[in-house]
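Beneath this line is the structure, given in structure tokens, with notes to follow.
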Amino acid sequence: MATQREKLFGQFFTPEEVAAYLVGWAVRSHSARVLDPSCGDGEFLRQLRGAVGIELCGEHAAHASVSAPDAEVVQADFFEWALRQGPSFDAVVGNPPFIRYQQFNGATRKRALQLSRRIGCQFNGLTSSWAPFIAVSASLVRPGGRMAFVVPAEIGHATYAAPLVEGLCRHFASVAVIAVREKLFPHLSQDAWLLFADGKGGSTDRIGLTALEQFNPEIDPAVPACDISLQSWRAMGGRLRRFLIPRRLHDAYLSSVGGNGVARLQDVADVTIGYVSGDNDFFHFTPNAARLYGIPGDCLRPTIRRGEQLTADFVDDRLIDRWLAANEQICVLDLSTANELPRPVADYLESPRADEARTRYKCRVRDPWYIIPGVEKTPSAFITCMSGRETRLSINRAGAVCTNSVLAVTLRRRIPQTDLLRAWQHPLSRLSQELEGHPLGGGMLKIEPGEARRVHLPLTPFRASKTEEQAITEAIKLMRRWRHYEQEVDST
Ligand SMILES: C[S@@+](CC[C@H](N)C(=O)[O-])C[C@H]1O[C@@H](n2cnc3c(N)ncnc32)[C@H](O)[C@@H]1O
């Protein structure tokens with residue numbers, strides 16, 4: 001497991017053979033001027049002669065100076081240092097820190113986003129640090145030069161990574177990615193891939209992709225297994241991950257979803273996250289607690305608070321009764337339609353526990369503080385947003401509502417709910433869920449509302465050819481393997 005400090009500074013050091021491979025590819029002459037923008041304790045610098053390494057952390061910078069004595073190690077924030085630099089490097093290599101947007105903030109982030117514009121990359125506020133590290137590094141490469149980096153596998157699906165890929169294609173004659181299924185950093189939940197850009201000053205409208213089971217130093221990124229046009233990458237939502245399945249499988253998928261009767265979920269339904277209460281313990285009751293406080297039944301609604309509750313195809317009265325009989329905390333206070341507060345409710349809202357709840361951020365900023373926005377909306381169905389083998393869609397037959405831990409689906413078109421259920425469980429849709437969702441680490445599939453909206457659904461009875469059927473099954477297995485869903489690996 002990664003420590004807090006490792007996470008905060010993205011301090012994960014590259015295995016020697018991987019660093020050697022990237023250096024071997026990027027550095028073509030002994031006299032080349034080479035930069036590592038985040039050199040850590042100097043794994044890359046050790047393999048070079050007289051390279052320049054930048055490192056924020058004093059301790060690591062000191063290590064790097066000792067382990068690579070002929071390197072020039074500068075202890076600095078890379079973006080501050082880069083402000084005063086021009087395109088003077090023949091090659092840039094490294095493993096930029098992966099610091100998520102929540103921690104990648106303040107002056108560093110402001111400078112990083114500003115400098116990224118040097119190569120025309122406009123990152124939004126959700127970008128992790130590694131993408132601007134690479135964009136700014138690109139601005140420091142001489143004409144004809146190249147770069148090779150370890151990158152998080154998020155390059156294959158994160159929306160914020162798309163401006164980087166576009167920027168590199170505008171400024172380099174070739175851009176290639178090697179996706180590696182087996183972990184380069186076994187102790188991290190994050191997968192890492194490799195990124196290459198060659199021929200600064202050129203441009204390309206193609207991305208090379210090679211998908212490998214494990215790291216293989218014999219592979220030449222310049223001869224990719226799959227050559228993807230930027231146009232088709234854009235059409236696939238800027239997601240390289242979709243091309244991990246071989247072309248014949250992808251083509252079978254595209255031809256199946258192009259058939260009659262296949263729609264996207266967004267064509268028939270709205271998908272959102274459920275309500276945010278602001279204080280879950282205060283607003284959710286067990287039946288015993290509701291009785292104790294005398295909260296009337298018409299002020300309470302059954303609710304789905306966690307994906308784990310969605311174990312069946314239907315959330316119906318029988319299921320709710322079972323939860324109530326087990327005294328589960330599944331009743332949410334819904335005062336959205338109450339004209340007058342019943343006395344016991346008014347008392348509860350004046351209790352010492354309420355004094356605490358009303359000061360919580362989400363409660364403080366709404367008026368009145370005790371009405372949960374969106375709690376009155378009854379979805380047609382719920383979808384798990386973090387799933388193991390596969391997602392679960394459960395039809396809502398109990399008038400239940402849900403928190404933001406699951407997705408709320410509200411049908412817009414009059415289609416039978418059971419058709420929605422059947423379509424969601426169809427292998428074609430299962431594959432679509434794998435392709436539109438993304439891995440979360442630990443084998444989990446994460447599906448955000450925007451991703452769920454894009455999922456394909458065969459809404460009318462759908463007949464695929466035998467070959468298409470086999471291709472879809474094979475592709476589902478492959479995508480599960482790429483997200484390390486181990487049970488699936490065992491069963492293959
Ligand atoms: C993923 S590690 C890679 C280290 C080394 N290149 C390697 O691969 O072994 C990233 C390094 O970036 C450093 N770092 C984080 N933010 C930085 C910044 N703004 N400027 C320079 N270095 C930074 C971290 O301290 C960490 O040592």
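Letters A, B, ... go to the chains of the structure tokens in the order shown; residues in each chain start at 1; ligands are counted from 1 in the same order.
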Hey, what does DSSP flag as helix (DSSP H, G or I) within range 235-483 of chain A? Can you give it to me as a PyMOL selection string?
chain A and resi 235+240-244+247-257+265-268+280-283+287-293+297-299+307-309+317-325+343-350+352-357+361-364+417-425+427-436+449-453+466-482
Give me, as a ChimeraX atom specification, all polymer residues having an atom no more than 9 Å from Phe172 in chain A, counting only C-alpha atoms and skipping those fewer than 4 positions away in the same chain.
/A:138,144-146,167-168,197-204
Can I get the selection written as a short mmCIF file (atom, residue, chain, number, x, y, z; two decimals), in the first residue's frame, with C-alpha atoms?
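Here's the written file part26.cif:
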```cif
data_model
loop_
_atom_site.label_atom_id
_atom_site.label_comp_id
_atom_site.auth_asym_id
_atom_site.auth_seq_id
_atom_site.Cartn_x
_atom_site.Cartn_y
_atom_site.Cartn_z
CA ALA A 138 7.16 18.78 -24.54
CA GLY A 144 13.51 16.62 -33.89
CA GLY A 145 13.71 15.54 -30.23
CA ARG A 146 11.65 12.93 -28.37
CA GLY A 167 -1.31 18.46 -28.01
CA LEU A 168 1.35 15.80 -28.54
CA ALA A 197 6.54 10.96 -28.73
CA ASP A 198 9.11 11.38 -31.50
CA GLY A 199 10.05 14.11 -34.00
CA LYS A 200 9.27 17.39 -32.20
CA GLY A 201 8.12 20.01 -34.68
CA GLY A 202 6.22 17.49 -36.79
CA SER A 203 2.60 16.45 -36.39
CA THR A 204 0.53 13.34 -36.77
#
```
Just asking: which residues within range 268-405 of chain A are strand (DSSP E) according to DSSP, as a ChimeraX atom specification?
/A:269-273,284-285,300-304,314-315,331-333,381-384,386-387,393-396,401-402
Residues up to 9 Å from ligand 1, counting only C-alpha atoms and all ligand atoms: could you list those as a PDB file with N, CA and C atoms, in the first residue's frame?
```
ATOM      1  N   GLU A   6       3.759   9.324  -0.123  1.00  0.00           N
ATOM      2  CA  GLU A   6       3.961   8.855  -1.505  1.00  0.00           C
ATOM      3  C   GLU A   6       2.834   9.352  -2.400  1.00  0.00           C
ATOM      4  N   LEU A   8       0.805  11.972  -1.821  1.00  0.00           N
ATOM      5  CA  LEU A   8       0.778  13.430  -1.903  1.00  0.00           C
ATOM      6  C   LEU A   8       1.773  13.950  -2.938  1.00  0.00           C
ATOM      7  N   PHE A   9       2.933  13.312  -3.019  1.00  0.00           N
ATOM      8  CA  PHE A   9       3.952  13.799  -3.947  1.00  0.00           C
ATOM      9  C   PHE A   9       4.119  12.888  -5.170  1.00  0.00           C
ATOM     10  N   GLY A  10       3.311  11.863  -5.263  1.00  0.00           N
ATOM     11  CA  GLY A  10       3.422  10.937  -6.392  1.00  0.00           C
ATOM     12  C   GLY A  10       4.785  10.275  -6.438  1.00  0.00           C
ATOM     13  N   GLN A  11       5.261   9.822  -5.247  1.00  0.00           N
ATOM     14  CA  GLN A  11       6.635   9.305  -5.183  1.00  0.00           C
ATOM     15  C   GLN A  11       6.685   7.784  -5.382  1.00  0.00           C
ATOM     16  N   PHE A  12       6.614   7.378  -6.642  1.00  0.00           N
ATOM     17  CA  PHE A  12       6.700   5.951  -6.946  1.00  0.00           C
ATOM     18  C   PHE A  12       7.806   5.756  -7.957  1.00  0.00           C
ATOM     19  N   PHE A  13       8.806   4.977  -7.583  1.00  0.00           N
ATOM     20  CA  PHE A  13      10.006   4.949  -8.405  1.00  0.00           C
ATOM     21  C   PHE A  13       9.972   3.823  -9.429  1.00  0.00           C
ATOM     22  N   THR A  14      10.532   4.123 -10.572  1.00  0.00           N
ATOM     23  CA  THR A  14      10.410   3.245 -11.734  1.00  0.00           C
ATOM     24  C   THR A  14      11.357   2.050 -11.637  1.00  0.00           C
ATOM     25  N   PRO A  15      10.889   0.838 -11.957  1.00  0.00           N
ATOM     26  CA  PRO A  15      11.796  -0.309 -11.994  1.00  0.00           C
ATOM     27  C   PRO A  15      12.932  -0.033 -12.987  1.00  0.00           C
ATOM     28  N   GLU A  16      14.137  -0.507 -12.634  1.00  0.00           N
ATOM     29  CA  GLU A  16      15.341  -0.202 -13.411  1.00  0.00           C
ATOM     30  C   GLU A  16      15.200  -0.576 -14.888  1.00  0.00           C
ATOM     31  N   ALA A  19      13.034   1.933 -16.781  1.00  0.00           N
ATOM     32  CA  ALA A  19      13.763   3.193 -17.010  1.00  0.00           C
ATOM     33  C   ALA A  19      14.788   2.993 -18.136  1.00  0.00           C
ATOM     34  N   ASP A  36      15.069  14.873 -16.961  1.00  0.00           N
ATOM     35  CA  ASP A  36      14.031  14.141 -16.226  1.00  0.00           C
ATOM     36  C   ASP A  36      13.335  15.183 -15.344  1.00  0.00           C
ATOM     37  N   PRO A  37      12.089  15.545 -15.641  1.00  0.00           N
ATOM     38  CA  PRO A  37      11.440  16.658 -14.936  1.00  0.00           C
ATOM     39  C   PRO A  37      11.040  16.355 -13.491  1.00  0.00           C
ATOM     40  N   SER A  38      11.083  15.085 -13.086  1.00  0.00           N
ATOM     41  CA  SER A  38      10.688  14.718 -11.708  1.00  0.00           C
ATOM     42  C   SER A  38      11.544  13.516 -11.332  1.00  0.00           C
ATOM     43  N   CYS A  39      12.825  13.775 -11.034  1.00  0.00           N
ATOM     44  CA  CYS A  39      13.815  12.687 -11.088  1.00  0.00           C
ATOM     45  C   CYS A  39      13.820  11.778  -9.874  1.00  0.00           C
ATOM     46  N   GLY A  40      13.077  12.129  -8.795  1.00  0.00           N
ATOM     47  CA  GLY A  40      13.055  11.256  -7.619  1.00  0.00           C
ATOM     48  C   GLY A  40      14.463  11.000  -7.140  1.00  0.00           C
ATOM     49  N   ASP A  41      14.788   9.726  -6.818  1.00  0.00           N
ATOM     50  CA  ASP A  41      16.143   9.448  -6.335  1.00  0.00           C
ATOM     51  C   ASP A  41      17.097   9.125  -7.483  1.00  0.00           C
ATOM     52  N   GLY A  42      16.677   9.385  -8.716  1.00  0.00           N
ATOM     53  CA  GLY A  42      17.627   9.381  -9.832  1.00  0.00           C
ATOM     54  C   GLY A  42      17.701   8.103 -10.663  1.00  0.00           C
ATOM     55  N   GLU A  43      16.607   7.317 -10.681  1.00  0.00           N
ATOM     56  CA  GLU A  43      16.645   6.057 -11.448  1.00  0.00           C
ATOM     57  C   GLU A  43      16.991   6.301 -12.915  1.00  0.00           C
ATOM     58  N   PHE A  44      16.390   7.327 -13.515  1.00  0.00           N
ATOM     59  CA  PHE A  44      16.673   7.620 -14.927  1.00  0.00           C
ATOM     60  C   PHE A  44      18.054   8.276 -15.071  1.00  0.00           C
ATOM     61  N   LEU A  45      18.361   9.195 -14.157  1.00  0.00           N
ATOM     62  CA  LEU A  45      19.619   9.955 -14.263  1.00  0.00           C
ATOM     63  C   LEU A  45      20.832   9.017 -14.210  1.00  0.00           C
ATOM     64  N   GLY A  53      18.190  16.796 -13.882  1.00  0.00           N
ATOM     65  CA  GLY A  53      17.043  16.234 -13.157  1.00  0.00           C
ATOM     66  C   GLY A  53      16.446  17.293 -12.240  1.00  0.00           C
ATOM     67  N   ILE A  54      15.118  17.404 -12.241  1.00  0.00           N
ATOM     68  CA  ILE A  54      14.440  18.344 -11.350  1.00  0.00           C
ATOM     69  C   ILE A  54      13.677  17.517 -10.317  1.00  0.00           C
ATOM     70  N   GLU A  55      13.753  17.923  -9.061  1.00  0.00           N
ATOM     71  CA  GLU A  55      13.032  17.190  -8.013  1.00  0.00           C
ATOM     72  C   GLU A  55      12.637  18.161  -6.903  1.00  0.00           C
ATOM     73  N   LEU A  56      11.369  18.069  -6.535  1.00  0.00           N
ATOM     74  CA  LEU A  56      10.809  18.979  -5.530  1.00  0.00           C
ATOM     75  C   LEU A  56      11.304  18.626  -4.123  1.00  0.00           C
ATOM     76  N   CYS A  57      11.380  17.333  -3.864  1.00  0.00           N
ATOM     77  CA  CYS A  57      11.661  16.867  -2.505  1.00  0.00           C
ATOM     78  C   CYS A  57      13.180  16.875  -2.257  1.00  0.00           C
ATOM     79  N   GLY A  58      13.602  17.591  -1.183  1.00  0.00           N
ATOM     80  CA  GLY A  58      15.024  17.754  -0.880  1.00  0.00           C
ATOM     81  C   GLY A  58      15.726  16.423  -0.654  1.00  0.00           C
ATOM     82  N   GLU A  59      15.038  15.545   0.073  1.00  0.00           N
ATOM     83  CA  GLU A  59      15.645  14.252   0.408  1.00  0.00           C
ATOM     84  C   GLU A  59      15.934  13.447  -0.869  1.00  0.00           C
ATOM     85  N   HIS A  60      14.969  13.401  -1.762  1.00  0.00           N
ATOM     86  CA  HIS A  60      15.157  12.642  -3.004  1.00  0.00           C
ATOM     87  C   HIS A  60      16.200  13.305  -3.899  1.00  0.00           C
ATOM     88  N   ALA A  61      16.151  14.642  -3.951  1.00  0.00           N
ATOM     89  CA  ALA A  61      17.118  15.360  -4.787  1.00  0.00           C
ATOM     90  C   ALA A  61      18.538  15.039  -4.299  1.00  0.00           C
ATOM     91  N   GLN A  75      16.979  21.096  -7.116  1.00  0.00           N
ATOM     92  CA  GLN A  75      15.832  20.914  -6.230  1.00  0.00           C
ATOM     93  C   GLN A  75      14.875  22.082  -6.458  1.00  0.00           C
ATOM     94  N   ALA A  76      13.751  21.810  -7.096  1.00  0.00           N
ATOM     95  CA  ALA A  76      12.814  22.885  -7.446  1.00  0.00           C
ATOM     96  C   ALA A  76      11.465  22.299  -7.840  1.00  0.00           C
ATOM     97  N   ASP A  77      10.475  23.176  -7.876  1.00  0.00           N
ATOM     98  CA  ASP A  77       9.197  22.820  -8.486  1.00  0.00           C
ATOM     99  C   ASP A  77       9.426  22.877 -10.001  1.00  0.00           C
ATOM    100  N   PHE A  78       9.160  21.787 -10.681  1.00  0.00           N
ATOM    101  CA  PHE A  78       9.450  21.714 -12.128  1.00  0.00           C
ATOM    102  C   PHE A  78       8.828  22.882 -12.892  1.00  0.00           C
ATOM    103  N   PHE A  79       7.602  23.247 -12.536  1.00  0.00           N
ATOM    104  CA  PHE A  79       6.901  24.273 -13.319  1.00  0.00           C
ATOM    105  C   PHE A  79       7.525  25.652 -13.099  1.00  0.00           C
ATOM    106  N   GLU A  80       8.023  25.865 -11.882  1.00  0.00           N
ATOM    107  CA  GLU A  80       8.678  27.141 -11.622  1.00  0.00           C
ATOM    108  C   GLU A  80       9.989  27.198 -12.399  1.00  0.00           C
ATOM    109  N   TRP A  81      10.695  26.085 -12.378  1.00  0.00           N
ATOM    110  CA  TRP A  81      11.981  25.992 -13.108  1.00  0.00           C
ATOM    111  C   TRP A  81      11.742  26.161 -14.611  1.00  0.00           C
ATOM    112  N   VAL A  93      12.836  12.211 -20.441  1.00  0.00           N
ATOM    113  CA  VAL A  93      12.387  10.887 -20.000  1.00  0.00           C
ATOM    114  C   VAL A  93      11.937  11.003 -18.554  1.00  0.00           C
ATOM    115  N   GLY A  94      11.123  10.081 -18.098  1.00  0.00           N
ATOM    116  CA  GLY A  94      10.771  10.100 -16.689  1.00  0.00           C
ATOM    117  C   GLY A  94       9.461   9.443 -16.366  1.00  0.00           C
ATOM    118  N   ASN A  95       9.075   9.663 -15.121  1.00  0.00           N
ATOM    119  CA  ASN A  95       7.855   9.095 -14.563  1.00  0.00           C
ATOM    120  C   ASN A  95       7.234  10.208 -13.732  1.00  0.00           C
ATOM    121  N   PRO A  96       6.408  11.050 -14.373  1.00  0.00           N
ATOM    122  CA  PRO A  96       5.907  12.230 -13.673  1.00  0.00           C
ATOM    123  C   PRO A  96       4.990  11.862 -12.512  1.00  0.00           C
ATOM    124  N   PRO A  97       4.930  12.721 -11.489  1.00  0.00           N
ATOM    125  CA  PRO A  97       4.102  12.384 -10.330  1.00  0.00           C
ATOM    126  C   PRO A  97       2.624  12.352 -10.702  1.00  0.00           C
ATOM    127  N   PHE A  98       1.931  11.395 -10.105  1.00  0.00           N
ATOM    128  CA  PHE A  98       0.497  11.234 -10.343  1.00  0.00           C
ATOM    129  C   PHE A  98      -0.218  11.769  -9.100  1.00  0.00           C
ATOM    130  N   ILE A  99      -0.470  13.079  -9.118  1.00  0.00           N
ATOM    131  CA  ILE A  99      -1.120  13.712  -7.968  1.00  0.00           C
ATOM    132  C   ILE A  99      -2.496  14.158  -8.432  1.00  0.00           C
ATOM    133  N   PHE A 104      -3.401  18.524  -6.204  1.00  0.00           N
ATOM    134  CA  PHE A 104      -2.559  19.256  -7.156  1.00  0.00           C
ATOM    135  C   PHE A 104      -3.168  20.657  -7.272  1.00  0.00           C
ATOM    136  N   THR A 108       1.435  25.975  -7.886  1.00  0.00           N
ATOM    137  CA  THR A 108       2.034  24.962  -8.777  1.00  0.00           C
ATOM    138  C   THR A 108       1.072  24.620  -9.904  1.00  0.00           C
ATOM    139  N   ARG A 109      -0.188  24.356  -9.505  1.00  0.00           N
ATOM    140  CA  ARG A 109      -1.175  23.975 -10.516  1.00  0.00           C
ATOM    141  C   ARG A 109      -1.461  25.131 -11.479  1.00  0.00           C
ATOM    142  N   ALA A 112       1.328  25.326 -13.815  1.00  0.00           N
ATOM    143  CA  ALA A 112       1.332  24.135 -14.679  1.00  0.00           C
ATOM    144  C   ALA A 112       0.318  24.303 -15.821  1.00  0.00           C
ATOM    145  N   SER A 129      -1.607  15.765 -11.995  1.00  0.00           N
ATOM    146  CA  SER A 129      -0.353  16.478 -12.284  1.00  0.00           C
ATOM    147  C   SER A 129       0.423  15.927 -13.485  1.00  0.00           C
ATOM    148  N   TRP A 130       0.342  14.605 -13.726  1.00  0.00           N
ATOM    149  CA  TRP A 130       1.234  14.007 -14.731  1.00  0.00           C
ATOM    150  C   TRP A 130       1.011  14.586 -16.130  1.00  0.00           C
ATOM    151  N   PHE A 133       2.747  17.862 -16.543  1.00  0.00           N
ATOM    152  CA  PHE A 133       4.199  17.575 -16.525  1.00  0.00           C
ATOM    153  C   PHE A 133       4.675  17.228 -17.931  1.00  0.00           C
ATOM    154  N   PHE A 149       7.846   8.323 -21.423  1.00  0.00           N
ATOM    155  CA  PHE A 149       7.396   8.435 -20.024  1.00  0.00           C
ATOM    156  C   PHE A 149       6.640   7.199 -19.562  1.00  0.00           C
ATOM    157  N   VAL A 150       6.723   6.980 -18.258  1.00  0.00           N
ATOM    158  CA  VAL A 150       5.763   6.095 -17.601  1.00  0.00           C
ATOM    159  C   VAL A 150       4.538   6.971 -17.334  1.00  0.00           C
TER     160      VAL A 150
END
```
Residues at most 8 Å from range 395-408 of chain A, counting only C-alpha atoms, excluding those fewer than 6 positions away in the same chain, as a PyMOL selection string?
chain A and resi 271-277+301-307+313-317+320+375-385+417-418+421+448-449
Print the selection's residues with C-alpha atoms to a file, as a compact mmCIF listing (two decimals), in the first residue's frame.
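The new file again_27.txt reads:
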```txt
# COMPACT_ATOMS: atom_id res chain seq x y z
CA VAL A 271 -29.13 9.18 -15.61
CA THR A 272 -28.02 11.11 -12.54
CA ILE A 273 -26.59 10.41 -9.14
CA GLY A 274 -29.01 10.29 -6.24
CA TYR A 275 -29.42 12.88 -3.48
CA VAL A 276 -26.72 14.09 -1.09
CA SER A 277 -28.23 14.34 2.39
CA ARG A 301 -39.19 6.97 2.06
CA PRO A 302 -37.31 3.73 1.49
CA THR A 303 -33.92 4.43 -0.01
CA ILE A 304 -30.93 2.74 -1.61
CA ARG A 305 -27.88 3.95 0.27
CA ARG A 306 -25.21 1.63 -1.14
CA GLY A 307 -24.66 -0.42 -4.27
CA ASP A 313 -33.38 -7.42 -10.49
CA PHE A 314 -36.24 -5.67 -8.66
CA VAL A 315 -36.38 -3.42 -5.64
CA ASP A 316 -39.93 -4.27 -4.56
CA ASP A 317 -42.06 -4.14 -1.42
CA ILE A 320 -38.03 -3.36 1.45
CA VAL A 375 -35.08 13.35 -2.43
CA GLU A 376 -38.56 13.56 -3.92
CA LYS A 377 -37.48 12.13 -7.29
CA THR A 378 -38.39 8.49 -7.75
CA PRO A 379 -36.14 6.82 -10.34
CA SER A 380 -37.35 4.02 -12.59
CA ALA A 381 -34.23 1.99 -11.83
CA PHE A 382 -30.89 2.03 -10.02
CA ILE A 383 -27.43 1.06 -11.28
CA THR A 384 -24.39 0.20 -9.16
CA CYS A 385 -21.56 2.63 -9.91
CA GLN A 417 -39.15 -1.52 -17.38
CA THR A 418 -38.48 -5.18 -17.98
CA LEU A 421 -33.64 -4.74 -17.53
CA GLU A 448 -20.10 7.48 -13.87
CA PRO A 449 -23.44 8.99 -14.98
```
Neighbouring residues of range 457-461 of chain A were defined as those with any atom within 9 Å, considering only C-alpha atoms; residues of the same chain fewer than 3 positions away were excluded. Please report them as a ChimeraX atom specification.
/A:257,259-265,415,419-420,422-426,428-429,432
Okay, now the selection with N, CA and C atoms, as an mmCIF file, in the first residue's frame?
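Okay, result21.cif is ready:
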```cif
data_model
loop_
_atom_site.group_PDB
_atom_site.id
_atom_site.type_symbol
_atom_site.label_atom_id
_atom_site.label_comp_id
_atom_site.auth_asym_id
_atom_site.auth_seq_id
_atom_site.Cartn_x
_atom_site.Cartn_y
_atom_site.Cartn_z
ATOM 1 N N VAL A 257 -23.672 -2.770 -32.598
ATOM 2 C CA VAL A 257 -24.382 -1.606 -32.031
ATOM 3 C C VAL A 257 -24.951 -0.710 -33.125
ATOM 4 N N GLY A 259 -26.691 -1.839 -35.462
ATOM 5 C CA GLY A 259 -27.911 -2.507 -35.947
ATOM 6 C C GLY A 259 -29.183 -1.816 -35.469
ATOM 7 N N ASN A 260 -30.293 -2.198 -36.082
ATOM 8 C CA ASN A 260 -31.592 -1.629 -35.700
ATOM 9 C C ASN A 260 -31.930 -1.989 -34.262
ATOM 10 N N GLY A 261 -32.596 -1.063 -33.596
ATOM 11 C CA GLY A 261 -33.105 -1.381 -32.261
ATOM 12 C C GLY A 261 -32.073 -1.219 -31.155
ATOM 13 N N VAL A 262 -30.842 -0.772 -31.506
ATOM 14 C CA VAL A 262 -29.857 -0.539 -30.451
ATOM 15 C C VAL A 262 -29.790 0.968 -30.185
ATOM 16 N N ALA A 263 -30.059 1.343 -28.953
ATOM 17 C CA ALA A 263 -30.023 2.771 -28.583
ATOM 18 C C ALA A 263 -28.995 2.948 -27.476
ATOM 19 N N ARG A 264 -28.686 4.199 -27.191
ATOM 20 C CA ARG A 264 -27.876 4.445 -25.994
ATOM 21 C C ARG A 264 -28.849 4.710 -24.844
ATOM 22 N N LEU A 265 -28.406 4.448 -23.622
ATOM 23 C CA LEU A 265 -29.290 4.652 -22.474
ATOM 24 C C LEU A 265 -29.829 6.086 -22.458
ATOM 25 N N ILE A 415 -41.056 2.782 -22.304
ATOM 26 C CA ILE A 415 -40.722 1.400 -22.642
ATOM 27 C C ILE A 415 -40.918 0.570 -21.381
ATOM 28 N N ASP A 419 -38.067 -4.424 -20.269
ATOM 29 C CA ASP A 419 -37.258 -4.350 -21.498
ATOM 30 C C ASP A 419 -35.909 -3.691 -21.190
ATOM 31 N N LEU A 420 -35.975 -2.668 -20.327
ATOM 32 C CA LEU A 420 -34.737 -1.993 -19.928
ATOM 33 C C LEU A 420 -33.818 -2.988 -19.209
ATOM 34 N N ARG A 422 -33.788 -6.303 -19.367
ATOM 35 C CA ARG A 422 -33.301 -7.337 -20.292
ATOM 36 C C ARG A 422 -32.183 -6.761 -21.169
ATOM 37 N N ALA A 423 -32.392 -5.532 -21.652
ATOM 38 C CA ALA A 423 -31.399 -4.928 -22.539
ATOM 39 C C ALA A 423 -30.090 -4.671 -21.790
ATOM 40 N N TRP A 424 -30.187 -4.201 -20.539
ATOM 41 C CA TRP A 424 -28.982 -3.904 -19.749
ATOM 42 C C TRP A 424 -28.176 -5.184 -19.490
ATOM 43 N N GLN A 425 -28.883 -6.309 -19.353
ATOM 44 C CA GLN A 425 -28.199 -7.571 -19.036
ATOM 45 C C GLN A 425 -27.705 -8.289 -20.283
ATOM 46 N N HIS A 426 -28.029 -7.765 -21.441
ATOM 47 C CA HIS A 426 -27.620 -8.405 -22.693
ATOM 48 C C HIS A 426 -26.097 -8.302 -22.854
ATOM 49 N N LEU A 428 -24.253 -7.630 -25.280
ATOM 50 C CA LEU A 428 -23.821 -6.458 -26.046
ATOM 51 C C LEU A 428 -23.731 -5.233 -25.119
ATOM 52 N N SER A 429 -24.725 -5.105 -24.243
ATOM 53 C CA SER A 429 -24.709 -3.993 -23.299
ATOM 54 C C SER A 429 -23.614 -4.203 -22.252
ATOM 55 N N SER A 432 -20.572 -2.986 -23.733
ATOM 56 C CA SER A 432 -20.634 -1.533 -23.792
ATOM 57 C C SER A 432 -20.311 -0.929 -22.417
#
```
Between CA of Glu468 in chain A and CA of Val455 in chain A, what is the distance, to one decimal in Å?
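Atom-to-atom, CA of Glu468 in chain A and CA of Val455 in chain A are spaced 18.0 Å apart.
As for CA of Leu194 in chain A and CA of Pro69 in chain A, they are spaced 27.1 Å apart.
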In terms of the shortest atom-to-atom distance over only C-alpha atoms, which of A:Ala357, A:Ala252, A:Leu244, A:Leu300 is closest to Lys477 in chain A?
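Distance minimum relative to Lys477 in chain A lands on A:Leu244.
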Find the distance between CA of Thr337 in chain A and CA of Val409 in chain A and write it in Å to one decimal.
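We find that CA of Thr337 in chain A and CA of Val409 in chain A lie 22.0 Å from each other.
Proximity to Leu431 in chain A at 7 Å, evaluated using only C-alpha atoms and with sequence-adjacent residues fewer than 5 positions away removed, yields Ile472, Ala475 and Ile476 of chain A.
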Could those selected residues go to a file with C-alpha atoms, as an mmCIF file, in the first residue's frame?
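See result31.cif below for the written result:
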```cif
data_model
loop_
_atom_site.group_PDB
_atom_site.id
_atom_site.type_symbol
_atom_site.label_atom_id
_atom_site.label_comp_id
_atom_site.auth_asym_id
_atom_site.auth_seq_id
_atom_site.Cartn_x
_atom_site.Cartn_y
_atom_site.Cartn_z
ATOM 1 C CA ILE A 472 -18.686 -10.037 -27.783
ATOM 2 C CA ALA A 475 -14.201 -8.973 -25.666
ATOM 3 C CA ILE A 476 -16.025 -8.865 -22.311
#
```
With only C-alpha atoms as the atoms that count, which of A:Gln47, A:Gln214, A:Thr467, A:Asn280 lies nearest to Ala192 in chain A?
A:Gln214
I'd like the contact shell of range 327-335 of chain A - 6 Å cut-off, only C-alpha atoms, skipping same-chain residues fewer than 3 positions apart - returned as a ChimeraX atom specification.
/A:283-287,299-303,323-324,338,371
My list of candidates is A:Gly50, A:Gly297, A:Pro217, A:Gly441. Which is closest to Ser387 in chain A when distances are computed with only C-alpha atoms?
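Residue with the minimum atom-to-atom distance to Ser387 in chain A: A:Gly441.
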Compare A:Arg343, A:Lys183, A:His438, A:Arg239 by their minimum atom-to-atom distance to Ala162 in chain A, counting only C-alpha atoms, and give me the closest one.
A:Arg239
Residue nearest Val52 in chain A among A:Arg360, A:Val66, A:Ser394, A:Arg33 (counting only C-alpha atoms)
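Smallest distance to Val52 in chain A is found for A:Arg33.
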Find, counting only C-alpha atoms, the residue in A:Met479, A:Ala354, A:Ile295, A:Leu48 that gets nearest to Pro439 in chain A.
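Residue with the minimum atom-to-atom distance to Pro439 in chain A: A:Met479.
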Which polymer residues have any atom within 6 Å of an atom of Glu451 in chain A, counting only C-alpha atoms, with same-chain residues fewer than 4 positions away left out, as a PyMOL selection string?
chain A and resi 436-437+447
